[in-house]
Amino acid sequence: MTAASLKLLLDACFTARRVIETLPELPPGMKPRHIHVLDAVSMLQAQNALCRISDVSARLNVTLPSVTRLVQELEAMELLEKYSDARDGRVILLRLTPEGQACVRRYVRNLHADWSAALQDISDEQALDAVHVLNRLLETRPEQAK
C-alpha cells in the first residue's frame, strides 16, 4: 500500500467515526458500548444458550474488567441480569431482561435490517474486505509515543 492510499484509508476511518456518531440517539445514560454488550449477550445466548462475562469479553475483544464494569452498568439499568448456573452455582451467567431484548431489537436488529436494505449495492464480500482492512490497520498501528 502506498502512503497516499494509507492517507485515504485513514481519512475514511474519520468518516466511519462520523457515521457511528450519527446513529440513533440512545436512551439517557446509555452508550454505544452498552449496545455492543447487549448484542454480544444476545448472540451468545442464541448460539450457546448460556453466556458468561468472559464469553462477552472474548467476543468483543475487550478486557474482562471493562466488560465487568459495563455489565454492572447494564444491570443497574435493568437491561441485563446475572444468575447462577444450575449445574455449577459458582459460574455466573448473563441474560437479557425483556427491556434489554427490546434494546437489541430496536438498536441492532431493526437498524441493521433497514440499513442493509439501503446498501444492496455493496456485496457481503466487499463488507468483509473492509472489515479485514480495518482489523489490519488496528493490528499494525505504530507504537504509541512514550
# chains A, B, ... in the order shown; residues from 1 in each chain; ligands from 1
call {"tool": "residues_around", "arguments": {"residues": "segment 75-81 of chain A", "least_positions_apart": "3", "cutoff": "9 Å", "atoms": "only C-alpha atoms", "output": "mmCIF file with C-alpha atoms, in the first residue's frame"}}
result
data_model
loop_
_atom_site.group_PDB
_atom_site.id
_atom_site.type_symbol
_atom_site.label_atom_id
_atom_site.label_comp_id
_atom_site.auth_asym_id
_atom_site.auth_seq_id
_atom_site.Cartn_x
_atom_site.Cartn_y
_atom_site.Cartn_z
ATOM 1 C CA GLY A 29 -27.194 7.138 30.291
ATOM 2 C CA MET A 30 -26.724 4.525 27.598
ATOM 3 C CA LEU A 38 -26.260 -6.398 24.873
ATOM 4 C CA VAL A 41 -25.048 -11.415 25.070
ATOM 5 C CA LEU A 70 -20.303 -2.448 31.506
ATOM 6 C CA VAL A 71 -22.300 -5.457 32.738
ATOM 7 C CA GLN A 72 -22.709 -3.778 36.141
ATOM 8 C CA LEU A 93 -24.211 -16.287 33.647
ATOM 9 C CA LEU A 94 -25.830 -13.348 31.884
ATOM 10 C CA ARG A 95 -29.194 -12.921 30.235
ATOM 11 C CA LEU A 96 -31.086 -10.021 28.763
ATOM 12 C CA THR A 97 -34.145 -8.713 30.523
ATOM 13 C CA PRO A 98 -37.221 -8.037 28.359
ATOM 14 C CA GLU A 99 -36.114 -4.378 28.249
ATOM 15 C CA GLY A 100 -32.628 -5.486 27.128
ATOM 16 C CA GLN A 101 -34.155 -7.624 24.394
ATOM 17 C CA CYS A 103 -32.995 -2.517 23.066
#
call {"tool": "closest_residue", "arguments": {"among": "A:Arg136, A:Arg69, A:Arg141, A:Arg59", "to": "Asp39 of chain A", "atoms": "only C-alpha atoms"}}
result
A:Arg59
call {"tool": "residues_around", "arguments": {"residues": "Asn61 of chain A", "least_positions_apart": "5", "cutoff": "12 Å", "atoms": "only C-alpha atoms", "output": "number ranges by chain"}}
result
A: 36-37, 40, 53-56, 66-67, 135
call {"tool": "write_last_selection", "arguments": {"atoms": "C-alpha atoms", "output": "JSON list (two decimals), in the first residue's frame"}}
result
[["chain", "number", "residue", "atom", "x", "y", "z"],
["A", 36, "HIS", "CA", -22.37, -3.87, 21.87],
["A", 37, "VAL", "CA", -22.50, -5.83, 25.14],
["A", 40, "ALA", "CA", -23.00, -9.90, 22.24],
["A", 53, "ILE", "CA", -18.85, -12.38, 31.12],
["A", 54, "SER", "CA", -15.67, -13.99, 29.78],
["A", 55, "ASP", "CA", -17.58, -15.05, 26.64],
["A", 56, "VAL", "CA", -18.61, -11.43, 26.03],
["A", 66, "SER", "CA", -14.06, -3.40, 31.10],
["A", 67, "VAL", "CA", -16.83, -5.86, 30.30],
["A", 135, "ASN", "CA", -8.61, -5.02, 11.54]]
call {"tool": "select_by_dssp", "arguments": {"residues": "segment 4-139 of chain A", "states": "alpha helix (DSSP H)", "output": "ChimeraX atom specification"}}
result
/A:4-21,32-48,53-60,64-76,98-104,111-117,124-139
call {"tool": "select_by_dssp", "arguments": {"residues": "segment 39-115 of chain A", "states": "strand (DSSP E or B)", "output": "list of chain:residue names"}}
result
A:Arg52, A:Leu80, A:Glu81, A:Lys82, A:Tyr83, A:Ser84, A:Ile92, A:Leu93, A:Leu94, A:Arg95, A:Leu96
call {"tool": "write_last_selection", "arguments": {"atoms": "all heavy atoms", "output": "short mmCIF file (atom, residue, chain, number, x, y, z; two decimals), in the first residue's frame"}}
result
data_model
loop_
_atom_site.label_atom_id
_atom_site.label_comp_id
_atom_site.auth_asym_id
_atom_site.auth_seq_id
_atom_site.Cartn_x
_atom_site.Cartn_y
_atom_site.Cartn_z
N ARG A 52 -21.38 -16.22 29.60
CA ARG A 52 -20.59 -15.73 30.74
C ARG A 52 -19.95 -14.39 30.36
O ARG A 52 -19.81 -14.07 29.19
CB ARG A 52 -19.49 -16.73 31.09
CG ARG A 52 -20.03 -18.09 31.52
CD ARG A 52 -18.92 -19.08 31.61
NE ARG A 52 -18.28 -19.12 30.28
CZ ARG A 52 -17.36 -19.97 29.91
NH1 ARG A 52 -16.93 -20.87 30.73
NH2 ARG A 52 -16.85 -19.94 28.71
N LEU A 80 -29.94 -6.11 31.75
CA LEU A 80 -29.19 -7.37 31.80
C LEU A 80 -29.26 -7.86 33.23
O LEU A 80 -29.33 -7.06 34.17
CB LEU A 80 -27.73 -7.04 31.43
CG LEU A 80 -26.75 -8.15 31.18
CD1 LEU A 80 -27.11 -8.88 29.89
CD2 LEU A 80 -25.36 -7.56 31.04
N GLU A 81 -29.24 -9.18 33.38
CA GLU A 81 -29.20 -9.72 34.74
C GLU A 81 -28.22 -10.87 34.82
O GLU A 81 -27.98 -11.58 33.84
CB GLU A 81 -30.59 -10.13 35.22
CG GLU A 81 -31.27 -11.18 34.40
CD GLU A 81 -32.72 -11.42 34.80
OE1 GLU A 81 -33.27 -10.63 35.59
OE2 GLU A 81 -33.28 -12.40 34.32
N LYS A 82 -27.63 -11.02 36.00
CA LYS A 82 -26.73 -12.14 36.27
C LYS A 82 -27.52 -13.20 37.02
O LYS A 82 -28.43 -12.88 37.79
CB LYS A 82 -25.57 -11.68 37.16
CG LYS A 82 -24.62 -10.72 36.53
CD LYS A 82 -23.46 -10.49 37.50
CE LYS A 82 -22.96 -9.08 37.42
NZ LYS A 82 -22.02 -8.77 38.48
N TYR A 83 -27.13 -14.45 36.79
CA TYR A 83 -27.75 -15.55 37.54
C TYR A 83 -26.74 -16.68 37.63
O TYR A 83 -25.77 -16.73 36.86
CB TYR A 83 -29.06 -16.00 36.89
CG TYR A 83 -28.92 -16.65 35.53
CD1 TYR A 83 -28.95 -18.03 35.38
CD2 TYR A 83 -28.73 -15.86 34.39
CE1 TYR A 83 -28.82 -18.62 34.14
CE2 TYR A 83 -28.60 -16.43 33.14
CZ TYR A 83 -28.65 -17.81 33.02
OH TYR A 83 -28.50 -18.39 31.79
N SER A 84 -26.95 -17.58 38.57
CA SER A 84 -26.02 -18.70 38.77
C SER A 84 -26.39 -19.86 37.87
O SER A 84 -27.58 -20.16 37.67
CB SER A 84 -26.07 -19.18 40.22
OG SER A 84 -25.63 -18.16 41.07
N ILE A 92 -21.25 -17.64 37.04
CA ILE A 92 -22.24 -16.58 36.87
C ILE A 92 -22.52 -16.39 35.38
O ILE A 92 -21.60 -16.24 34.58
CB ILE A 92 -21.73 -15.25 37.48
CG1 ILE A 92 -21.41 -15.43 38.97
CG2 ILE A 92 -22.74 -14.13 37.26
CD1 ILE A 92 -22.58 -15.84 39.81
N LEU A 93 -23.78 -16.42 35.03
CA LEU A 93 -24.21 -16.29 33.65
C LEU A 93 -24.98 -14.97 33.46
O LEU A 93 -25.41 -14.37 34.45
CB LEU A 93 -25.10 -17.47 33.26
CG LEU A 93 -24.43 -18.85 33.38
CD1 LEU A 93 -25.46 -19.95 33.20
CD2 LEU A 93 -23.31 -18.97 32.38
N LEU A 94 -25.13 -14.59 32.22
CA LEU A 94 -25.83 -13.35 31.88
C LEU A 94 -27.02 -13.66 31.00
O LEU A 94 -26.99 -14.58 30.19
CB LEU A 94 -24.90 -12.41 31.10
CG LEU A 94 -23.58 -12.03 31.75
CD1 LEU A 94 -22.72 -11.26 30.75
CD2 LEU A 94 -23.81 -11.23 33.01
N ARG A 95 -28.06 -12.85 31.16
CA ARG A 95 -29.19 -12.92 30.24
C ARG A 95 -29.82 -11.53 30.14
O ARG A 95 -29.74 -10.73 31.07
CB ARG A 95 -30.22 -13.96 30.65
CG ARG A 95 -30.96 -13.64 31.91
CD ARG A 95 -32.02 -14.71 32.20
NE ARG A 95 -32.28 -14.71 33.64
CZ ARG A 95 -32.37 -15.80 34.38
NH1 ARG A 95 -32.25 -16.99 33.85
NH2 ARG A 95 -32.61 -15.69 35.67
N LEU A 96 -30.41 -11.29 28.98
CA LEU A 96 -31.09 -10.02 28.76
C LEU A 96 -32.43 -10.03 29.47
O LEU A 96 -33.12 -11.04 29.49
CB LEU A 96 -31.32 -9.79 27.26
CG LEU A 96 -30.08 -9.73 26.37
CD1 LEU A 96 -30.50 -9.58 24.92
CD2 LEU A 96 -29.17 -8.60 26.78
#
